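Let me begin by presenting the structure, written as structure tokens, before commenting on it.
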There are 2 protein chains.
Amino acid sequence: MRGQALKGHLDLLLLAILADGAKHGYAVIDELRTRSDETFDLPEGTVYPALHRLDKAGLLASEWTVVQGRRRRTYRLTDRGRGALGEQRHAWQVFTGAVQSVLGGVSWPDTP
Amino acid sequence: MRGQALKGHLDLLLLAILADGAKHGYAVIDELRTRSDETFDLPEGTVYPALHRLDKAGLLASEWTVVQGRRRRTYRLTDRGRGALGEQRHAWQVFTGAVQSVLGGVSWPDTP
DNA sequence: ATACTATACCAAGGAATGCTAGGTGTCAAG
DNA sequence: CTTGACACCTAGCATTCCTTGGTATAGTAT
């Protein structure tokens, strides 16, 4: 899939992934790829800064650990993060509903 | 609804609106607001540049007319535009499907 | 007459955000 | 001992939507 379509929706995805338990960045990327069936194969340069942003915003909390000589920064949802996830989930439904309404307009010549 | 969520999907919406017949910019804004039940109430500064972009890209063709003393720039889909609409409609479905897969992950604590 | 609203267009600049490109370092396999 | 997987990071670019402000006509209200 050609990327750049998830503008503004990445936070929702990250929060959703981390809602199932704390994970470190690399694992988040992996989980995102797996769950989306390879559709979201995001570069590190996309995910790491986004995690930092959510951390700074107080929606995530991070903690350093070392596993087999490799340092990891593990993220977990804060209470505010869980609240934000609920809001963004709702916003996503409103958004997709509105798009569907526009797409399903008058004529459907190319989507049988 | 708080805007800025449609990043990257505006083109799809505009093409879909114009697929039902040629319209001028102002009418496009109107139609978008009506069809989305007020969800997409886009400022002119968003829509006009986007139409210009699609025009320049060859997905739309424009034509000046004057109606009741007011000049209008009317846009219609080109063949390439119709093709792009089909592609983007498909991409939209892939995208939403993938997001749904991520959101519907393991646990659904806040969406009964 | 005059002001205001709706119609109808435009461009410049800012802000957000995802991506490219590059960098560091550990560990296991070949 | 080199390659690849793991694991992290930042700087700067590009895209794109929005804010702001500008122009102009027509109809309606004051």
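Ordering of the structure tokens sets the chain letters (A, B, ...), residue numbers begin anew at 1 in every chain, and ligands are numbered from 1 in the order given.
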
### Message
Select, as a ChimeraX atom specification, those residues of chain C with any atom no more than 12 Å from chain B (distances computed using only C-alpha atoms (C1' of nucleotides)).
### Response
/C:6-12,15-18

For the contact check between chain A and chain B, emit one row per residue of chain A within 7 Å, containing the shortest atom pair and the distance in Å rounded to one decimal, counting only C-alpha atoms, chain then rising number order, as a tab-separated table.
```
residue	atom	partner	partner_atom	distance
A:Ala5	CA	B:Gly8	CA	5.3
A:Lys7	CA	B:Lys7	CA	5.5
A:Gly8	CA	B:Ala5	CA	5.4
A:Leu13	CA	B:Val102	CA	6.7
A:Ala16	CA	B:Leu103	CA	5.8
A:Asp20	CA	B:Ser107	CA	6.4
A:Leu32	CA	B:Val102	CA	7.0
A:Arg35	CA	B:Val102	CA	5.5
A:Ser36	CA	B:Ala98	CA	4.8
A:Thr39	CA	B:Ala98	CA	6.5
A:Gly86	CA	B:Asp110	CA	6.5
A:Ala98	CA	B:Ser36	CA	4.8
A:Ser101	CA	B:Ser36	CA	5.8
A:Val102	CA	B:Arg35	CA	5.5
A:Leu103	CA	B:Ala16	CA	5.9
A:Val106	CA	B:Asp20	CA	6.5
A:Ser107	CA	B:Asp20	CA	6.4
A:Asp110	CA	B:Gly86	CA	6.5
```

### Task
Quick one: everything within 10 Å of His52 of chain A, counting only C-alpha atoms (C1' of nucleotides), minus sequence neighbours fewer than 6 positions away in the same chain. Send it as a PyMOL selection string.
chain A and resi 58+60-62+75

Could you write out that same residue set with N, CA and C atoms as a CSV table (one decimal), in the first residue's frame?
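File written: result.csv
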```csv
chain,number,residue,atom,x,y,z
A,58,GLY,N,1.6,13.1,27.4
A,58,GLY,CA,1.1,12.4,28.6
A,58,GLY,C,0.1,11.3,28.4
A,60,LEU,N,1.1,8.5,26.9
A,60,LEU,CA,1.9,7.3,27.2
A,60,LEU,C,2.9,7.6,28.3
A,61,ALA,N,3.4,6.5,28.9
A,61,ALA,CA,4.5,6.6,29.8
A,61,ALA,C,5.5,5.6,29.4
A,62,SER,N,6.8,6.0,29.5
A,62,SER,CA,7.9,5.1,29.0
A,62,SER,C,8.8,4.8,30.1
A,75,TYR,N,6.7,1.3,26.3
A,75,TYR,CA,5.6,2.3,26.5
A,75,TYR,C,4.3,1.6,27.0
```

Pull out every residue of chain D sitting within 12 Å of chain B, counting only C-alpha atoms (C1' of nucleotides), and send them as a CSV table (one decimal) with all heavy atoms, in the first residue's frame.
```csv
chain,number,residue,atom,x,y,z
D,15,DT,P,6.1,17.1,-2.5
D,15,DT,OP1,6.2,16.3,-3.7
D,15,DT,OP2,6.3,18.6,-2.6
D,15,DT,O5',4.8,16.8,-1.7
D,15,DT,C5',4.7,15.7,-0.9
D,15,DT,C4',3.5,15.8,0.1
D,15,DT,O4',4.0,16.6,1.2
D,15,DT,C3',2.3,16.5,-0.5
D,15,DT,O3',1.2,15.6,-0.4
D,15,DT,C2',2.1,17.7,0.4
D,15,DT,C1',2.9,17.3,1.7
D,15,DT,N1,3.4,18.4,2.5
D,15,DT,C2,3.2,18.4,3.9
D,15,DT,O2,2.5,17.6,4.4
D,15,DT,N3,3.7,19.4,4.6
D,15,DT,C4,4.5,20.5,4.0
D,15,DT,O4,5.0,21.3,4.8
D,15,DT,C5,4.8,20.4,2.6
D,15,DT,C7,5.6,21.5,2.0
D,15,DT,C6,4.2,19.4,1.9
D,16,DT,P,-0.2,15.9,-1.1
D,16,DT,OP1,-0.8,14.6,-1.4
D,16,DT,OP2,0.0,16.9,-2.2
D,16,DT,O5',-1.0,16.6,0.1
D,16,DT,C5',-0.9,16.0,1.4
D,16,DT,C4',-1.6,16.9,2.4
D,16,DT,O4',-0.7,17.8,2.9
D,16,DT,C3',-2.8,17.7,1.8
D,16,DT,O3',-3.8,17.7,2.7
D,16,DT,C2',-2.1,19.1,1.7
D,16,DT,C1',-1.3,19.1,3.0
D,16,DT,N1,-0.3,20.1,3.1
D,16,DT,C2,0.0,20.6,4.4
D,16,DT,O2,-0.5,20.2,5.4
D,16,DT,N3,1.0,21.5,4.4
D,16,DT,C4,1.7,22.1,3.3
D,16,DT,O4,2.5,23.0,3.5
D,16,DT,C5,1.3,21.6,2.0
D,16,DT,C7,2.0,22.1,0.8
D,16,DT,C6,0.4,20.6,2.0
D,17,DC,P,-5.4,17.7,2.1
D,17,DC,OP1,-5.9,16.3,2.1
D,17,DC,OP2,-5.4,18.5,0.9
D,17,DC,O5',-6.1,18.5,3.2
D,17,DC,C5',-6.0,18.1,4.6
D,17,DC,C4',-5.9,19.3,5.5
D,17,DC,O4',-4.7,20.0,5.2
D,17,DC,C3',-7.0,20.3,5.4
D,17,DC,O3',-7.7,20.4,6.7
D,17,DC,C2',-6.3,21.6,5.1
D,17,DC,C1',-4.9,21.4,5.5
D,17,DC,N1,-3.8,22.2,4.8
D,17,DC,C2,-2.9,23.0,5.5
D,17,DC,O2,-3.0,23.0,6.7
D,17,DC,N3,-2.0,23.7,4.8
D,17,DC,C4,-2.0,23.6,3.5
D,17,DC,N4,-1.0,24.3,2.9
D,17,DC,C5,-2.9,22.8,2.7
D,17,DC,C6,-3.8,22.1,3.4
D,18,DC,P,-9.0,21.4,6.9
D,18,DC,OP1,-9.9,20.8,7.9
D,18,DC,OP2,-9.5,21.7,5.5
D,18,DC,O5',-8.3,22.7,7.5
D,18,DC,C5',-7.4,22.5,8.6
D,18,DC,C4',-6.9,23.8,9.1
D,18,DC,O4',-5.9,24.3,8.1
D,18,DC,C3',-7.9,25.0,9.1
D,18,DC,O3',-7.8,25.6,10.4
D,18,DC,C2',-7.6,25.9,7.9
D,18,DC,C1',-6.1,25.6,7.8
D,18,DC,N1,-5.5,25.8,6.4
D,18,DC,C2,-4.4,26.6,6.2
D,18,DC,O2,-3.9,27.2,7.1
D,18,DC,N3,-4.0,26.8,4.9
D,18,DC,C4,-4.5,26.2,3.9
D,18,DC,N4,-4.0,26.3,2.7
D,18,DC,C5,-5.7,25.3,4.1
D,18,DC,C6,-6.1,25.1,5.4
D,19,DT,P,-8.9,26.8,10.8
D,19,DT,OP1,-9.3,26.4,12.1
D,19,DT,OP2,-10.0,26.9,9.7
D,19,DT,O5',-8.1,28.1,10.8
D,19,DT,C5',-6.8,28.1,11.3
D,19,DT,C4',-6.1,29.4,11.0
D,19,DT,O4',-5.5,29.4,9.7
D,19,DT,C3',-7.0,30.6,11.1
D,19,DT,O3',-6.3,31.6,11.9
D,19,DT,C2',-7.2,31.1,9.7
D,19,DT,C1',-5.9,30.6,9.0
D,19,DT,N1,-6.0,30.3,7.6
D,19,DT,C2,-5.1,30.8,6.7
D,19,DT,O2,-4.2,31.6,7.0
D,19,DT,N3,-5.3,30.4,5.4
D,19,DT,C4,-6.2,29.6,4.9
D,19,DT,O4,-6.3,29.3,3.7
D,19,DT,C5,-7.2,29.1,5.9
D,19,DT,C7,-8.3,28.2,5.4
D,19,DT,C6,-7.0,29.5,7.1
D,20,DT,P,-7.2,32.9,12.4
D,20,DT,OP1,-6.6,33.4,13.6
D,20,DT,OP2,-8.6,32.7,12.3
D,20,DT,O5',-6.8,34.0,11.2
D,20,DT,C5',-5.4,34.1,10.8
D,20,DT,C4',-5.3,35.0,9.6
D,20,DT,O4',-5.6,34.2,8.4
D,20,DT,C3',-6.4,36.1,9.5
D,20,DT,O3',-5.6,37.3,9.5
D,20,DT,C2',-7.1,35.9,8.1
D,20,DT,C1',-6.2,35.0,7.4
D,20,DT,N1,-6.8,34.1,6.4
D,20,DT,C2,-6.3,34.0,5.1
D,20,DT,O2,-5.3,34.6,4.8
D,20,DT,N3,-6.9,33.2,4.3
D,20,DT,C4,-8.0,32.4,4.5
D,20,DT,O4,-8.5,31.7,3.7
D,20,DT,C5,-8.6,32.6,5.9
D,20,DT,C7,-9.8,31.8,6.3
D,20,DT,C6,-7.9,33.4,6.7
D,21,DG,P,-6.4,38.7,9.7
D,21,DG,OP1,-5.5,39.6,10.4
D,21,DG,OP2,-7.8,38.5,10.2
D,21,DG,O5',-6.5,39.2,8.2
D,21,DG,C5',-5.3,39.2,7.4
D,21,DG,C4',-5.6,39.3,6.0
D,21,DG,O4',-6.1,38.1,5.5
D,21,DG,C3',-6.7,40.4,5.7
D,21,DG,O3',-6.2,41.3,4.7
D,21,DG,C2',-7.8,39.6,5.0
D,21,DG,C1',-7.1,38.4,4.5
D,21,DG,N9,-8.0,37.3,4.2
D,21,DG,C8,-8.9,36.7,5.1
D,21,DG,N7,-9.6,35.7,4.5
D,21,DG,C5,-9.0,35.6,3.3
D,21,DG,C6,-9.3,34.7,2.2
D,21,DG,O6,-10.2,33.8,2.2
D,21,DG,N1,-8.6,34.9,1.1
D,21,DG,C2,-7.6,35.9,1.0
D,21,DG,N2,-6.9,36.0,-0.1
D,21,DG,N3,-7.3,36.8,2.0
D,21,DG,C4,-8.0,36.6,3.1
D,24,DA,P,-11.9,44.8,-6.8
D,24,DA,OP1,-11.4,45.2,-8.1
D,24,DA,OP2,-12.1,45.8,-5.7
D,24,DA,O5',-13.3,44.1,-7.0
D,24,DA,C5',-13.4,43.0,-7.9
D,24,DA,C4',-14.7,42.3,-7.8
D,24,DA,O4',-14.8,41.5,-6.6
D,24,DA,C3',-15.9,43.3,-7.8
D,24,DA,O3',-16.7,43.1,-9.0
D,24,DA,C2',-16.7,42.8,-6.6
D,24,DA,C1',-16.2,41.4,-6.3
D,24,DA,N9,-16.3,41.1,-4.9
D,24,DA,C8,-15.6,41.6,-3.8
D,24,DA,N7,-15.9,41.1,-2.6
D,24,DA,C5,-16.8,40.1,-3.0
D,24,DA,C6,-17.5,39.1,-2.2
D,24,DA,N6,-17.5,39.0,-0.9
D,24,DA,N1,-18.4,38.3,-2.9
D,24,DA,C2,-18.4,38.4,-4.2
D,24,DA,N3,-17.8,39.2,-5.0
D,24,DA,C4,-17.0,40.0,-4.4
D,25,DT,P,-17.9,44.2,-9.2
D,25,DT,OP1,-17.8,44.6,-10.6
D,25,DT,OP2,-18.0,45.2,-8.1
D,25,DT,O5',-19.2,43.2,-9.0
D,25,DT,C5',-19.2,42.0,-9.8
D,25,DT,C4',-20.4,41.2,-9.4
D,25,DT,O4',-20.2,40.8,-8.0
D,25,DT,C3',-21.8,42.0,-9.4
D,25,DT,O3',-22.7,41.2,-10.1
D,25,DT,C2',-22.1,42.1,-7.9
D,25,DT,C1',-21.4,40.9,-7.3
D,25,DT,N1,-21.1,41.0,-5.9
D,25,DT,C2,-21.6,40.1,-5.0
D,25,DT,O2,-22.3,39.2,-5.3
D,25,DT,N3,-21.2,40.3,-3.7
D,25,DT,C4,-20.4,41.3,-3.2
D,25,DT,O4,-20.1,41.4,-2.0
D,25,DT,C5,-19.9,42.2,-4.2
D,25,DT,C7,-19.0,43.4,-3.8
D,25,DT,C6,-20.3,42.1,-5.5
D,26,DA,P,-24.2,41.9,-10.4
D,26,DA,OP1,-24.6,41.4,-11.7
D,26,DA,OP2,-24.1,43.4,-10.2
D,26,DA,O5',-25.1,41.3,-9.3
D,26,DA,C5',-25.3,39.9,-9.2
D,26,DA,C4',-26.2,39.6,-8.1
D,26,DA,O4',-25.5,39.8,-6.8
D,26,DA,C3',-27.5,40.4,-8.0
D,26,DA,O3',-28.6,39.5,-7.9
D,26,DA,C2',-27.3,41.3,-6.8
D,26,DA,C1',-26.3,40.5,-5.9
D,26,DA,N9,-25.5,41.3,-5.1
D,26,DA,C8,-24.7,42.3,-5.4
D,26,DA,N7,-24.0,42.9,-4.5
D,26,DA,C5,-24.3,42.1,-3.4
D,26,DA,C6,-23.9,42.1,-2.0
D,26,DA,N6,-23.0,43.0,-1.5
D,26,DA,N1,-24.4,41.2,-1.2
D,26,DA,C2,-25.3,40.3,-1.7
D,26,DA,N3,-25.7,40.1,-2.9
D,26,DA,C4,-25.2,41.1,-3.7
D,27,DG,P,-30.1,40.1,-7.9
D,27,DG,OP1,-30.9,39.1,-8.8
D,27,DG,OP2,-30.1,41.5,-8.3
D,27,DG,O5',-30.6,40.0,-6.4
D,27,DG,C5',-30.5,38.7,-5.8
D,27,DG,C4',-30.7,38.9,-4.3
D,27,DG,O4',-29.5,39.7,-3.7
D,27,DG,C3',-31.9,39.6,-3.9
D,27,DG,O3',-32.6,38.9,-2.8
D,27,DG,C2',-31.4,41.0,-3.4
D,27,DG,C1',-30.1,40.6,-2.8
D,27,DG,N9,-29.1,41.7,-2.8
D,27,DG,C8,-28.8,42.6,-3.8
D,27,DG,N7,-27.9,43.5,-3.5
D,27,DG,C5,-27.6,43.2,-2.1
D,27,DG,C6,-26.7,43.8,-1.2
D,27,DG,O6,-26.0,44.8,-1.4
D,27,DG,N1,-26.8,43.2,0.0
D,27,DG,C2,-27.5,42.1,0.4
D,27,DG,N2,-27.5,41.7,1.6
D,27,DG,N3,-28.4,41.5,-0.5
D,27,DG,C4,-28.4,42.1,-1.7
```

#### Entry: Spatial neighbours of DC4 of chain C, max dist 10 Å, only C-alpha atoms (C1' of nucleotides), sep filter under 5 positions, as number ranges by chain
D: 28-30

### All alpha helix (DSSP H) residues (DSSP, backbone) inside chain B, as a PyMOL selection string
chain B and resi 10-18+25-35+44-56+79-103
